[in-house]
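Novice: Data file data06.txt (compact mmCIF, C-alpha atoms) is appended below.
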```txt
# COMPACT_ATOMS: atom_id res chain seq x y z
CA MET A 230 84.88 253.56 381.94
CA HIS A 231 86.54 254.24 378.61
CA THR A 232 84.18 257.04 377.72
CA GLU A 233 84.70 258.63 381.11
CA GLN A 234 88.39 258.66 380.63
CA SER A 235 88.46 260.10 377.17
CA ALA A 236 85.91 262.72 378.18
CA GLY A 237 87.68 263.72 381.40
CA ASN A 238 91.41 263.63 380.74
CA THR A 239 93.47 264.75 377.87
CA PRO A 240 92.42 262.72 374.83
CA ALA A 241 93.76 259.15 374.99
CA SER A 242 94.25 258.96 371.26
CA PRO A 243 97.54 260.32 369.91
CA THR A 244 97.38 264.06 369.67
CA ALA A 245 98.27 265.73 366.44
CA GLY A 246 100.67 268.62 366.75
CA SER A 247 100.82 269.65 370.40
CA THR A 248 102.97 267.52 372.70
CA PRO A 249 101.51 267.08 376.11
CA GLU A 250 103.70 268.19 379.01
CA THR A 251 107.41 268.77 378.54
CA PRO A 252 109.05 267.15 375.48
CA LEU A 253 111.30 264.17 376.02
CA PHE A 254 114.33 264.53 373.74
CA SER A 255 116.41 261.70 372.40
CA GLU A 256 119.89 261.39 373.89
CA PHE A 257 121.04 261.22 370.29
CA ALA A 258 119.40 264.53 369.33
CA GLY A 259 122.82 265.85 368.30
CA ASP A 260 123.95 262.70 366.47
CA GLU A 261 123.58 263.35 362.75
CA ASP A 262 123.96 259.69 361.81
CA MET A 263 120.96 258.88 363.95
CA ALA A 264 118.75 261.88 363.23
CA ASP A 265 116.61 260.31 360.50
CA LEU A 266 116.27 257.05 362.38
CA VAL A 267 115.21 258.75 365.60
CA GLU A 268 112.68 260.82 363.71
CA LEU A 269 111.22 257.72 362.09
CA PHE A 270 111.08 255.99 365.45
CA VAL A 271 109.26 258.95 367.00
CA ASP A 272 106.83 259.17 364.07
CA GLU A 273 105.91 255.54 364.54
CA LEU A 274 105.41 255.91 368.29
CA ALA A 275 101.94 257.35 367.69
CA GLU A 276 100.87 254.03 366.19
CA ARG A 277 102.40 252.18 369.10
CA VAL A 278 100.48 254.27 371.58
CA GLN A 279 97.27 253.47 369.78
CA ALA A 280 98.09 249.77 369.68
CA ILE A 281 98.96 249.75 373.38
CA SER A 282 95.76 251.56 374.22
CA GLN A 283 93.72 249.04 372.23
CA ALA A 284 95.50 246.10 373.80
CA VAL A 285 94.80 247.47 377.29
CA ASP A 286 91.14 248.11 376.48
CA SER A 287 90.63 244.64 375.08
CA SER A 288 92.80 242.98 377.77
CA ASP A 289 94.89 241.43 374.99
CA THR A 290 97.84 240.47 377.18
CA ALA A 291 99.78 238.66 374.45
CA THR A 292 99.85 241.75 372.22
CA LEU A 293 100.51 244.05 375.16
CA THR A 294 103.48 241.93 376.27
CA GLN A 295 104.95 241.98 372.77
CA LEU A 296 104.46 245.72 372.33
CA ALA A 297 106.02 246.45 375.71
CA HIS A 298 108.86 244.02 375.04
CA GLN A 299 109.67 245.59 371.68
CA LEU A 300 109.62 249.12 373.06
CA LYS A 301 111.77 248.03 375.97
CA GLY A 302 114.38 246.64 373.60
CA ALA A 303 114.36 249.44 371.07
CA ALA A 304 113.58 252.78 372.74
CA GLY A 305 116.84 253.04 374.67
CA GLY A 306 118.72 252.36 371.47
CA TYR A 307 117.07 255.42 369.96
CA GLY A 308 118.04 257.53 372.96
CA PHE A 309 114.81 257.20 374.95
CA GLY A 310 115.98 255.39 378.08
CA PRO A 311 112.91 256.36 380.16
CA ILE A 312 110.62 254.66 377.61
CA THR A 313 112.66 251.47 377.88
CA ASP A 314 112.39 251.57 381.70
CA SER A 315 108.69 252.25 381.61
CA ALA A 316 108.05 249.52 379.03
CA ALA A 317 110.03 247.07 381.18
CA ILE A 318 107.73 247.81 384.14
CA LEU A 319 104.64 247.29 381.99
CA GLU A 320 105.97 244.04 380.51
CA GLN A 321 106.80 242.73 383.97
CA LEU A 322 103.33 243.57 385.31
CA VAL A 323 101.56 241.92 382.38
CA LYS A 324 103.73 238.83 382.59
CA SER A 325 103.14 238.50 386.33
CA ASP A 326 99.36 238.76 385.87
CA ALA A 327 99.06 241.97 387.87
CA ASP A 328 95.58 243.46 388.41
CA SER A 329 94.14 245.42 385.53
CA ALA A 330 94.34 248.77 387.35
CA SER A 331 98.12 248.49 387.83
CA ILE A 332 98.52 247.45 384.23
CA ARG A 333 96.44 250.36 383.06
CA ASN A 334 98.47 252.78 385.18
CA ALA A 335 101.75 251.44 383.86
CA ALA A 336 100.42 251.58 380.29
CA ASP A 337 99.28 255.18 380.82
CA ASP A 338 102.74 256.11 382.09
CA LEU A 339 104.32 254.50 379.07
CA MET A 340 101.92 256.14 376.63
CA THR A 341 102.50 259.54 378.22
CA LEU A 342 106.24 259.16 377.81
CA CYS A 343 105.78 258.06 374.20
CA ARG A 344 103.65 261.14 373.45
CA ARG A 345 106.32 263.36 375.00
CA ALA A 346 109.06 261.80 372.89
CA THR A 347 110.53 264.32 370.44
CA ALA A 348 113.32 263.71 367.95
CA LYS A 349 115.17 266.97 368.54
CA PRO A 350 114.68 270.48 369.91
CA GLN A 351 113.01 272.73 367.33
CA MET B 35 137.66 240.06 349.57
CA ALA B 36 133.88 240.11 349.60
CA ASN B 37 132.19 241.65 352.60
CA GLN B 38 131.17 239.34 355.40
CA ARG B 39 127.43 238.93 355.79
CA VAL B 40 125.46 239.62 358.96
CA LEU B 41 121.85 238.50 359.36
CA ILE B 42 119.61 240.13 361.98
CA ILE B 43 116.68 238.04 363.18
CA ASP B 44 114.41 240.13 365.40
CA ASP B 45 110.66 240.70 365.41
CA SER B 46 111.16 244.46 365.81
CA GLN B 47 111.88 246.57 362.74
CA ASP B 48 113.23 249.26 365.07
CA ILE B 49 116.03 246.89 366.00
CA HIS B 50 116.80 246.09 362.34
CA ARG B 51 117.22 249.79 361.55
CA LEU B 52 119.17 250.49 364.69
CA VAL B 53 121.64 247.65 364.15
CA ARG B 54 122.12 248.63 360.50
CA ALA B 55 122.86 252.21 361.57
CA ARG B 56 125.18 251.13 364.36
CA LEU B 57 127.17 248.74 362.16
CA LYS B 58 127.67 251.35 359.47
CA GLY B 59 131.34 251.60 358.55
CA LEU B 60 132.12 247.95 359.37
CA SER B 61 132.19 246.84 355.69
CA VAL B 62 129.62 244.11 356.23
CA ASP B 63 126.52 243.29 354.20
CA ILE B 64 123.48 243.28 356.44
CA ASP B 65 120.17 241.55 355.91
CA SER B 66 117.29 241.12 358.32
CA ALA B 67 114.31 238.89 359.03
CA SER B 68 111.34 239.59 361.30
CA SER B 69 110.71 236.06 362.51
CA ALA B 70 112.75 232.98 363.30
CA ALA B 71 111.07 231.01 360.51
CA ALA B 72 111.89 233.64 357.88
CA GLY B 73 115.36 233.99 359.38
CA LEU B 74 116.12 230.26 359.18
CA ASP B 75 115.14 230.32 355.49
CA LYS B 76 117.50 233.23 354.88
CA VAL B 77 120.30 231.45 356.71
CA ARG B 78 120.00 228.48 354.37
CA GLU B 79 119.89 230.71 351.29
CA GLN B 80 122.67 233.09 352.22
CA MET B 81 124.94 231.26 354.65
CA PRO B 82 125.76 234.44 356.61
CA ASP B 83 129.00 234.83 358.58
CA LEU B 84 127.20 235.98 361.71
CA ILE B 85 123.64 235.87 363.03
CA LEU B 86 122.28 238.40 365.51
CA LEU B 87 119.38 236.52 367.03
CA ASP B 88 116.64 237.94 369.25
CA VAL B 89 115.69 235.60 372.10
CA ASN B 90 112.12 236.67 372.67
CA MET B 91 110.05 236.39 369.49
CA PRO B 92 106.50 235.25 368.79
CA GLY B 93 106.37 231.82 367.12
CA ILE B 94 109.73 230.05 367.10
CA SER B 95 111.89 231.58 369.85
CA GLY B 96 115.50 232.57 369.37
CA PHE B 97 116.60 229.63 371.51
CA GLU B 98 114.69 227.14 369.38
CA ALA B 99 116.08 228.72 366.22
CA CYS B 100 119.62 228.49 367.61
CA GLU B 101 119.11 224.83 368.46
CA GLN B 102 117.99 224.15 364.89
CA LEU B 103 121.03 225.95 363.49
CA LYS B 104 123.44 224.10 365.75
CA ASN B 105 121.88 220.70 365.00
CA ASN B 106 122.31 221.15 361.26
CA PRO B 107 125.85 220.33 360.06
CA ILE B 108 125.55 222.92 357.26
CA THR B 109 124.74 225.83 359.59
CA HIS B 110 126.47 224.50 362.69
CA ASP B 111 129.56 226.69 362.35
CA ILE B 112 127.78 230.03 361.79
CA PRO B 113 128.35 232.09 364.93
CA VAL B 114 125.26 233.36 366.76
CA ILE B 115 125.11 236.43 369.00
CA PHE B 116 121.95 236.62 371.08
CA LEU B 117 120.13 239.90 371.54
CA THR B 118 118.65 239.70 375.05
CA GLY B 119 116.79 242.00 377.40
CA VAL B 120 118.72 243.41 380.36
CA GLU B 121 116.89 241.39 382.96
CA GLU B 122 117.25 238.05 381.19
CA SER B 123 120.53 237.00 382.83
CA VAL B 124 119.44 233.37 383.04
CA ASN B 125 119.04 233.49 379.27
CA LYS B 126 122.64 234.56 378.76
CA VAL B 127 123.89 231.30 380.23
CA LYS B 128 121.31 229.29 378.34
CA GLY B 129 122.38 231.05 375.14
CA PHE B 130 125.97 229.92 375.59
CA ASP B 131 124.79 226.38 376.39
CA LEU B 132 122.99 226.38 373.04
CA GLY B 133 126.19 227.28 371.22
CA ALA B 134 126.01 231.07 370.94
CA VAL B 135 129.38 232.84 370.87
CA ASP B 136 128.22 236.00 372.63
CA TYR B 137 125.26 238.12 373.65
CA VAL B 138 124.36 241.79 373.55
CA THR B 139 121.77 243.25 375.90
CA LYS B 140 119.09 245.51 374.55
CA PRO B 141 119.02 248.45 374.47
CA PHE B 142 122.59 248.12 373.31
CA ASP B 143 125.51 250.46 373.52
CA PRO B 144 126.61 251.20 369.94
CA ALA B 145 130.34 250.81 370.62
CA GLU B 146 129.78 247.53 372.45
CA LEU B 147 127.62 246.15 369.65
CA ARG B 148 130.24 247.05 367.05
CA ALA B 149 133.05 245.56 369.13
CA ARG B 150 131.23 242.27 369.72
CA VAL B 151 130.23 241.95 366.08
CA ARG B 152 133.77 242.71 364.94
CA THR B 153 135.25 240.12 367.28
CA ALA B 154 132.79 237.43 366.20
CA LEU B 155 133.47 238.13 362.51
CA LYS B 156 137.21 238.02 363.03
CA THR B 157 136.96 234.66 364.76
CA LYS B 158 134.75 233.42 361.91
CA THR B 159 137.43 234.42 359.37
CA LEU B 160 140.08 232.51 361.31
CA MET B 161 137.84 229.46 361.69
CA ASP B 162 137.17 229.47 357.95
CA MET B 163 140.91 229.62 357.29
CA LEU B 164 141.55 226.74 359.68
CA THR B 165 138.88 224.64 358.02
CA SER B 166 140.35 225.16 354.57
CA GLN B 167 143.90 224.57 355.87
CA ALA B 168 142.79 221.29 357.39
CA GLN B 169 141.73 220.17 353.92
CA LEU B 170 145.02 220.98 352.21
CA ASP B 171 148.17 218.94 351.81
CA GLY B 172 151.06 220.74 353.48
CA LEU B 173 153.68 219.87 350.86
CA THR B 174 151.92 220.28 347.54
CA GLY B 175 149.02 222.61 348.42
CA LEU B 176 146.60 220.20 346.74
CA HIS B 177 143.53 219.02 348.62
CA ASN B 178 144.33 216.22 351.03
CA ARG B 179 142.96 212.74 351.60
CA ARG B 180 140.34 213.95 354.07
CA TYR B 181 138.94 216.36 351.50
CA PHE B 182 139.06 213.64 348.84
CA ASP B 183 137.03 211.29 351.04
CA ASP B 184 134.31 213.95 351.47
CA ARG B 185 134.22 214.91 347.83
CA ILE B 186 134.17 211.40 346.36
CA LYS B 187 131.21 210.63 348.58
CA GLN B 188 129.39 213.80 347.46
CA ALA B 189 130.23 213.11 343.83
CA LEU B 190 128.88 209.55 343.97
CA ASP B 191 125.68 210.79 345.63
CA THR B 192 124.99 212.81 342.51
CA VAL B 193 125.59 209.93 340.06
CA THR B 194 122.24 208.28 340.53
CA ARG B 195 120.40 211.52 341.25
CA TYR B 196 121.49 213.42 338.16
CA LYS B 197 122.33 210.45 335.89
CA HIS B 198 125.85 211.73 335.30
CA PRO B 199 128.80 209.33 335.44
CA VAL B 200 131.77 210.23 337.67
CA GLY B 201 135.33 209.28 336.76
CA LEU B 202 138.24 208.60 339.09
CA LEU B 203 141.97 208.59 338.32
CA LEU B 204 144.58 207.17 340.66
CA LEU B 205 148.05 208.25 339.65
CA ASP B 206 151.29 206.94 341.13
CA VAL B 207 154.87 208.09 340.42
CA ASP B 208 156.97 205.32 338.87
CA HIS B 209 160.03 204.23 340.86
CA PHE B 210 159.54 207.00 343.38
CA LYS B 211 161.49 205.15 346.06
CA SER B 212 164.49 205.03 343.79
CA ILE B 213 164.15 208.77 343.04
CA ASN B 214 164.26 209.47 346.78
CA ASP B 215 167.14 207.05 347.34
CA THR B 216 169.20 208.35 344.41
CA PHE B 217 168.55 212.08 344.53
CA GLY B 218 167.47 212.60 348.15
CA HIS B 219 164.10 213.43 349.70
CA PRO B 220 164.21 217.18 348.91
CA LYS B 221 164.34 216.32 345.19
CA GLY B 222 161.57 213.77 345.68
CA ASP B 223 159.48 216.51 347.27
CA GLN B 224 160.16 218.80 344.32
CA VAL B 225 158.92 216.09 341.97
CA LEU B 226 155.70 215.77 343.96
CA CYS B 227 155.18 219.54 343.93
CA LYS B 228 155.78 219.72 340.18
CA LEU B 229 153.27 216.92 339.64
CA ALA B 230 150.72 218.71 341.79
CA GLU B 231 151.23 221.81 339.68
CA LEU B 232 150.77 219.86 336.44
CA LEU B 233 147.56 218.33 337.76
CA THR B 234 146.15 221.65 338.94
CA GLN B 235 146.89 223.33 335.63
CA ASN B 236 145.57 220.55 333.43
CA VAL B 237 142.31 219.39 334.95
CA ARG B 238 138.95 221.05 334.46
CA VAL B 239 137.70 223.56 337.04
CA SER B 240 135.08 221.04 338.14
CA ASP B 241 137.65 218.26 338.60
CA VAL B 242 139.08 217.70 342.05
CA ALA B 243 142.81 216.88 342.25
CA CYS B 244 144.07 215.57 345.60
CA ARG B 245 147.20 214.12 347.10
CA TYR B 246 145.95 210.70 348.06
CA GLY B 247 149.02 209.76 350.07
CA GLY B 248 152.79 209.38 349.59
CA GLU B 249 153.49 209.56 345.85
CA GLU B 250 149.91 208.78 344.93
CA PHE B 251 147.43 211.34 343.57
CA ALA B 252 143.70 211.12 342.85
CA VAL B 253 141.52 213.12 340.50
CA ILE B 254 137.72 213.08 340.69
CA LEU B 255 136.13 213.89 337.30
CA PRO B 256 132.45 214.78 337.61
CA ASP B 257 130.33 214.12 334.56
CA SER B 258 132.93 211.90 332.83
CA SER B 259 132.22 208.73 330.87
CA PRO B 260 134.66 205.77 331.11
CA ASP B 261 136.13 206.82 327.75
CA HIS B 262 136.57 210.42 328.76
CA THR B 263 138.09 209.36 332.07
CA PHE B 264 140.56 207.11 330.29
CA GLN B 265 141.46 209.83 327.79
CA SER B 266 142.01 212.31 330.61
CA GLY B 267 144.38 209.80 332.20
CA GLN B 268 146.19 209.35 328.89
CA ARG B 269 146.57 213.11 328.48
CA LEU B 270 147.99 213.56 331.98
CA LEU B 271 150.36 210.62 331.45
CA GLU B 272 151.80 212.28 328.36
CA LEU B 273 152.03 215.70 330.02
CA VAL B 274 154.12 214.19 332.81
CA ARG B 275 156.26 212.13 330.45
CA ASN B 276 157.00 215.19 328.28
CA CYS B 277 157.48 217.68 331.10
CA THR B 278 161.00 219.08 330.81
CA ASP B 279 160.94 220.53 334.33
CA PHE B 280 161.73 217.06 335.66
CA LEU B 281 164.92 217.10 333.60
CA VAL B 282 165.90 220.26 335.46
CA ILE B 283 165.08 218.74 338.85
CA LEU B 284 166.52 215.23 338.32
CA ASN B 285 168.37 215.26 335.04
CA ARG B 286 165.97 212.57 333.89
CA PRO B 287 162.29 212.30 333.00
CA VAL B 288 159.60 211.21 335.43
CA THR B 289 156.77 208.89 334.48
CA VAL B 290 153.57 207.88 336.21
CA SER B 291 151.17 204.95 336.09
CA ILE B 292 147.44 205.62 336.14
CA GLY B 293 144.43 203.50 336.94
CA THR B 294 140.97 204.75 335.95
CA ALA B 295 137.48 203.73 337.04
CA CYS B 296 134.05 205.17 336.47
CA ALA B 297 130.80 205.22 338.43
CA GLU B 298 127.87 204.99 336.07
CA PRO B 299 124.24 205.83 336.80
CA SER B 300 123.11 202.29 335.85
CA ALA B 301 124.64 200.75 338.97
CA SER B 302 125.26 202.44 342.31
CA ILE B 303 128.71 201.98 343.76
CA THR B 304 130.31 202.92 347.08
CA PRO B 305 133.35 205.20 347.24
CA GLN B 306 135.46 202.34 348.54
CA ALA B 307 134.43 200.01 345.71
CA LEU B 308 135.22 202.66 343.09
CA ILE B 309 138.60 203.38 344.68
CA ASN B 310 139.35 199.64 344.74
CA GLN B 311 138.57 199.37 341.03
CA ALA B 312 140.86 202.27 340.17
CA ASP B 313 143.51 200.86 342.47
CA GLN B 314 143.40 197.46 340.74
CA ALA B 315 143.69 199.17 337.36
CA LEU B 316 146.67 201.10 338.70
CA TYR B 317 148.23 197.85 339.87
CA ALA B 318 147.68 196.37 336.40
CA ALA B 319 149.40 199.40 334.83
CA LYS B 320 152.37 198.90 337.14
CA ALA B 321 152.49 195.17 336.47
CA SER B 322 152.47 195.58 332.70
CA GLY B 323 155.51 197.83 332.65
CA ARG B 324 154.49 201.24 334.17
CA ASN B 325 154.24 204.55 332.30
CA ARG B 326 150.75 203.64 331.07
CA VAL B 327 147.03 203.99 331.79
CA GLU B 328 144.78 201.04 332.54
CA ALA B 329 141.01 201.20 332.89
CA ALA B 330 139.08 199.09 335.40
```
In C-alpha cells, write the structure found in this file.

Specialist:
Amino acid sequence: MHTEQSAGNTPASPTAGSTPETPLFSEFAGDEDMADLVELFVDELAERVQAISQAVDSSDTATLTQLAHQLKGAAGGYGFGPITDSAAILEQLVKSDADSASIRNAADDLMTLCRRATAKPQ
Amino acid sequence: MANQRVLIIDDSQDIHRLVRARLKGLSVDIDSASSAAAGLDKVREQMPDLILLDVNMPGISGFEACEQLKNNPITHDIPVIFLTGVEESVNKVKGFDLGAVDYVTKPFDPAELRARVRTALKTKTLMDMLTSQAQLDGLTGLHNRRYFDDRIKQALDTVTRYKHPVGLLLLDVDHFKSINDTFGHPKGDQVLCKLAELLTQNVRVSDVACRYGGEEFAVILPDSSPDHTFQSGQRLLELVRNCTDFLVILNRPVTVSIGTACAEPSASITPQALINQADQALYAAKASGRNRVEAA
C-alpha cells in the first residue's frame, strides 16, 4: 500500500524546493517581530510531516496524537490557522479510535497543508 | 526593581518561542521547560513569579504538576496560568479548581496573552507586598511577633543540623509605663521607634530584630555563642543608655533590661523553652535593679 502511494501520487516525503499547490501564507507575514520565528516554524514543518507520516505508517497512535496536539496548539500562533484546525480534526479522530482510512485521510490533509505553508510571499 | 520571572512549561518548543516573542516588551525574564518534571525542578530553583503551564503533556500532566505546586507550601503562592486547547472547556474549570489563576487557550491571541500575564504579575506583586506587610510591626517598622515565631523556629532547626549555636535577646524598656503616664503615649511611641532604629542599625545583617510586643523587643542572633550573645546584649544596653536622642524626646535618658539565652548544638531545645529562658533572665535583670543584662 505504501509503495503504491508513493509511486502514484506526489511524493509523500517532504519535497525540496517546489511547494505543492498554492502556498499557504502566515497571517503574520507582514509582522517583522514574528518573521524569523515564522520562518523557523515553517522550516521545521518538513520534519513534522515526516514524523506524522511515519507515525501513520506504523500506527503509532501515541506519537500521532502528540504531534497533532502540538501542531494544533502552535500553528495558529504562527499565523497558520488552517493547520491548527486540520490538526485538531486529526487529533480528535486518533483519540476516538477512528478507522485507519479516516485517520490516514486526515493526516494527508494536514501534511498537505504543512507542505503548502510558506513564511512570506517571495 | 528586578524583573519578574515567568516560567513556561510546555512540551512544544514552538510554544516556548512564541510566548517569548509575544511577551517581548513586558520587562520580564522568561525561562522554559519542556516537561512537567523539568519544570517542577526549575520552579524550585528559581521561584518564578508566574508559571504558564500546558495541560496536555506526556509524562506528568499539567494538572498533576499544578497539584504538586499547590500542595507544597513553598510553591503554593506562585500563580499558574494554564495553556489549554480550545475544545478543552471542561479543563478550564478543573484548572481553577486546582488553584490556577487564569487560562489562555491555544492558539493564543498575542494581546490577550500579554494582558493575562500582566494582570497575573500585577496581582503577584500586590500579594507579595501584603505578605511582607503582614510580617511588619505597624508602629516601628520592625518585623512583628508572627515573623519572629517563624524565624526562631527556622533558626533552631539549623542549630542541630549545622552545629551552630543561636542566641536570643529579649529587651524590655525600663519603666515604660511611667514614661507613657508622664510624657503621654505619643512620646512613648517615639521612644519605641527610636529603639527600633537603634536595634536595626546595630545588629548584624544576619540578626533578626523584632518587636515582640508592647515595649518588648527580641533579637535572634544566628551563629552566636552564649558569650557573644551576652556581649551583644551588653553593647545594645550601652548604646541605649548613651543615646542622646532620648534626651531630646523626653529630657531624660532611657534604659533597657535584657535577658539572653542560647541554643547550643549539644542539646536540642524548642522555641518556647528558649524564649522562657531568655524571659527568666530578663526578669532577673529587672529584679536586680534594671539597666543590665542577665544571661540564662

Novice: Can you tell me, as a PyMOL selection string, what residues are no more than 10 Å from Ser69 (chain B) when counting all atoms listed in the file, ignoring any on the same chain fewer than 2 positions away?

Specialist: chain B and resi 42-46+66-67+71-74+87-88+91-96+99

Novice: Taking 5 positions as the minimum chain separation for residues in the same chain, which residues sit within 10 Å of Asp131 (chain B) when counting all atoms listed in the file? Answer as a PDB file with C-alpha atoms, in the coordinates of the input.

Specialist:
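Dumped everything to out_32.pdb:
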```pdb
ATOM      1  CA  GLU B 101     119.110 224.830 368.460  1.00  0.00           C
ATOM      2  CA  ASN B 125     119.040 233.490 379.270  1.00  0.00           C
ATOM      3  CA  LYS B 126     122.640 234.560 378.760  1.00  0.00           C
TER       4      LYS B 126
END
```

Novice: I'd like the interatomic distance between CA of Gly306 (chain A) and CA of Val53 (chain B), to a tenth of an Å.

Specialist: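 Between CA of Gly306 (chain A) and CA of Val53 (chain B) the gap is 9.2 Å.
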
Novice: Pull out every residue of chain B sitting within 9 Å of chain A, counting only C-alpha atoms, and send them as a CSV table (one decimal) with C-alpha atoms, keeping the file's coordinate frame.

Specialist:
```
chain,number,residue,atom,x,y,z
B,45,ASP,CA,110.7,240.7,365.4
B,46,SER,CA,111.2,244.5,365.8
B,48,ASP,CA,113.2,249.3,365.1
B,49,ILE,CA,116.0,246.9,366.0
B,51,ARG,CA,117.2,249.8,361.6
B,52,LEU,CA,119.2,250.5,364.7
B,55,ALA,CA,122.9,252.2,361.6
B,56,ARG,CA,125.2,251.1,364.4
B,90,ASN,CA,112.1,236.7,372.7
B,91,MET,CA,110.0,236.4,369.5
B,92,PRO,CA,106.5,235.2,368.8
B,118,THR,CA,118.6,239.7,375.0
B,119,GLY,CA,116.8,242.0,377.4
B,120,VAL,CA,118.7,243.4,380.4
B,139,THR,CA,121.8,243.2,375.9
B,140,LYS,CA,119.1,245.5,374.6
B,141,PRO,CA,119.0,248.4,374.5
B,142,PHE,CA,122.6,248.1,373.3
B,143,ASP,CA,125.5,250.5,373.5
B,144,PRO,CA,126.6,251.2,369.9
```

Novice: What separation in Å, quoted to one decimal, exists between CA of Lys349 (chain A) and CA of Leu274 (chain A)?

Specialist: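 Between CA of Lys349 (chain A) and CA of Leu274 (chain A) the gap is 14.8 Å.
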
Novice: Just the residues within 12 Å of Gln283 (chain A), please, counting only C-alpha atoms, with nothing from its chain fewer than 5 positions along; format it as a list of chain:residue names.

Specialist: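 Once the nearby chain positions are removed, what remains is A:His231, A:Ala241, A:Ser242, A:Glu276, A:Arg277, A:Val278, A:Ser288, A:Asp289, A:Thr290, A:Thr292, A:Leu293, A:Leu296, A:Arg333, A:Ala336, A:Asp337, A:Met340.
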
Novice: Residues of the last selection are to be written out with C-alpha atoms, as a CSV table (one decimal), in the coordinates of the input.

Specialist:
```csv
chain,number,residue,atom,x,y,z
A,231,HIS,CA,86.5,254.2,378.6
A,241,ALA,CA,93.8,259.2,375.0
A,242,SER,CA,94.2,259.0,371.3
A,276,GLU,CA,100.9,254.0,366.2
A,277,ARG,CA,102.4,252.2,369.1
A,278,VAL,CA,100.5,254.3,371.6
A,288,SER,CA,92.8,243.0,377.8
A,289,ASP,CA,94.9,241.4,375.0
A,290,THR,CA,97.8,240.5,377.2
A,292,THR,CA,99.8,241.8,372.2
A,293,LEU,CA,100.5,244.0,375.2
A,296,LEU,CA,104.5,245.7,372.3
A,333,ARG,CA,96.4,250.4,383.1
A,336,ALA,CA,100.4,251.6,380.3
A,337,ASP,CA,99.3,255.2,380.8
A,340,MET,CA,101.9,256.1,376.6
```

Novice: Can you work out which one of A:Pro350, A:Ser331, A:Asp326, A:Cys343 has the shortest atom-to-atom distance to Val271 (chain A), counting only C-alpha atoms?

Specialist: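 Once distances to Val271 (chain A) are computed over only C-alpha atoms, the minimum belongs to A:Cys343.
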
Novice: With distances taken over all atoms listed in the file, which of B:Arg148, B:Arg275, B:Lys320, B:Arg238 is nearest to Ser291 (chain B)?

Specialist: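 Closest residue, counting all atoms listed in the file: B:Lys320.
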
Novice: Please report the interatomic distance between CA of Val242 (chain B) and CA of Pro256 (chain B) in Å with one decimal.

Specialist: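 Taking CA of Val242 (chain B) as the start and CA of Pro256 (chain B) as the end point, the length is 8.5 Å.
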
Novice: Leaving out Val282 (chain B) and any residue of its chain fewer than 6 positions from it, which residues lie within 12 Å of it when counting only C-alpha atoms, given as an MDAnalysis selection string?

Specialist: chainID B and resid 221 224:225 228 288

Novice: Smallest atom-to-atom distance to Tyr246 (chain B): which of B:Arg39, B:Leu203, B:Ala318, B:Ala329, using all atoms listed in the file?

Specialist: B:Leu203

Novice: Once N, CA and C atoms are restored for region 36-48 of chain B, what would the output be as a PDB file, in the frame of the given file?

Specialist:
```
ATOM      1  N   ALA B  36     135.285 239.696 349.475  1.00  0.00           N
ATOM      2  CA  ALA B  36     133.880 240.110 349.600  1.00  0.00           C
ATOM      3  C   ALA B  36     133.573 240.431 351.061  1.00  0.00           C
ATOM      4  N   ASN B  37     132.609 241.324 351.236  1.00  0.00           N
ATOM      5  CA  ASN B  37     132.190 241.650 352.600  1.00  0.00           C
ATOM      6  C   ASN B  37     131.639 240.436 353.310  1.00  0.00           C
ATOM      7  N   GLN B  38     131.832 240.386 354.623  1.00  0.00           N
ATOM      8  CA  GLN B  38     131.170 239.340 355.400  1.00  0.00           C
ATOM      9  C   GLN B  38     129.698 239.717 355.546  1.00  0.00           C
ATOM     10  N   ARG B  39     128.876 238.697 355.738  1.00  0.00           N
ATOM     11  CA  ARG B  39     127.430 238.930 355.790  1.00  0.00           C
ATOM     12  C   ARG B  39     126.884 238.734 357.201  1.00  0.00           C
ATOM     13  N   VAL B  40     126.093 239.697 357.641  1.00  0.00           N
ATOM     14  CA  VAL B  40     125.460 239.620 358.960  1.00  0.00           C
ATOM     15  C   VAL B  40     123.953 239.544 358.760  1.00  0.00           C
ATOM     16  N   LEU B  41     123.313 238.612 359.437  1.00  0.00           N
ATOM     17  CA  LEU B  41     121.850 238.500 359.360  1.00  0.00           C
ATOM     18  C   LEU B  41     121.261 238.820 360.733  1.00  0.00           C
ATOM     19  N   ILE B  42     120.323 239.776 360.750  1.00  0.00           N
ATOM     20  CA  ILE B  42     119.610 240.130 361.980  1.00  0.00           C
ATOM     21  C   ILE B  42     118.277 239.402 361.990  1.00  0.00           C
ATOM     22  N   ILE B  43     118.002 238.652 363.042  1.00  0.00           N
ATOM     23  CA  ILE B  43     116.680 238.040 363.180  1.00  0.00           C
ATOM     24  C   ILE B  43     116.047 238.603 364.450  1.00  0.00           C
ATOM     25  N   ASP B  44     115.053 239.468 364.268  1.00  0.00           N
ATOM     26  CA  ASP B  44     114.410 240.130 365.400  1.00  0.00           C
ATOM     27  C   ASP B  44     113.018 240.532 364.945  1.00  0.00           C
ATOM     28  N   ASP B  45     112.022 240.386 365.843  1.00  0.00           N
ATOM     29  CA  ASP B  45     110.660 240.700 365.410  1.00  0.00           C
ATOM     30  C   ASP B  45     110.415 242.208 365.345  1.00  0.00           C
ATOM     31  N   SER B  46     111.360 243.014 365.813  1.00  0.00           N
ATOM     32  CA  SER B  46     111.160 244.460 365.810  1.00  0.00           C
ATOM     33  C   SER B  46     111.969 245.144 364.716  1.00  0.00           C
ATOM     34  N   GLN B  47     111.231 245.825 363.829  1.00  0.00           N
ATOM     35  CA  GLN B  47     111.880 246.570 362.740  1.00  0.00           C
ATOM     36  C   GLN B  47     112.802 247.654 363.286  1.00  0.00           C
ATOM     37  N   ASP B  48     112.405 248.204 364.456  1.00  0.00           N
ATOM     38  CA  ASP B  48     113.230 249.260 365.070  1.00  0.00           C
ATOM     39  C   ASP B  48     114.643 248.742 365.315  1.00  0.00           C
TER      40      ASP B  48
END
```
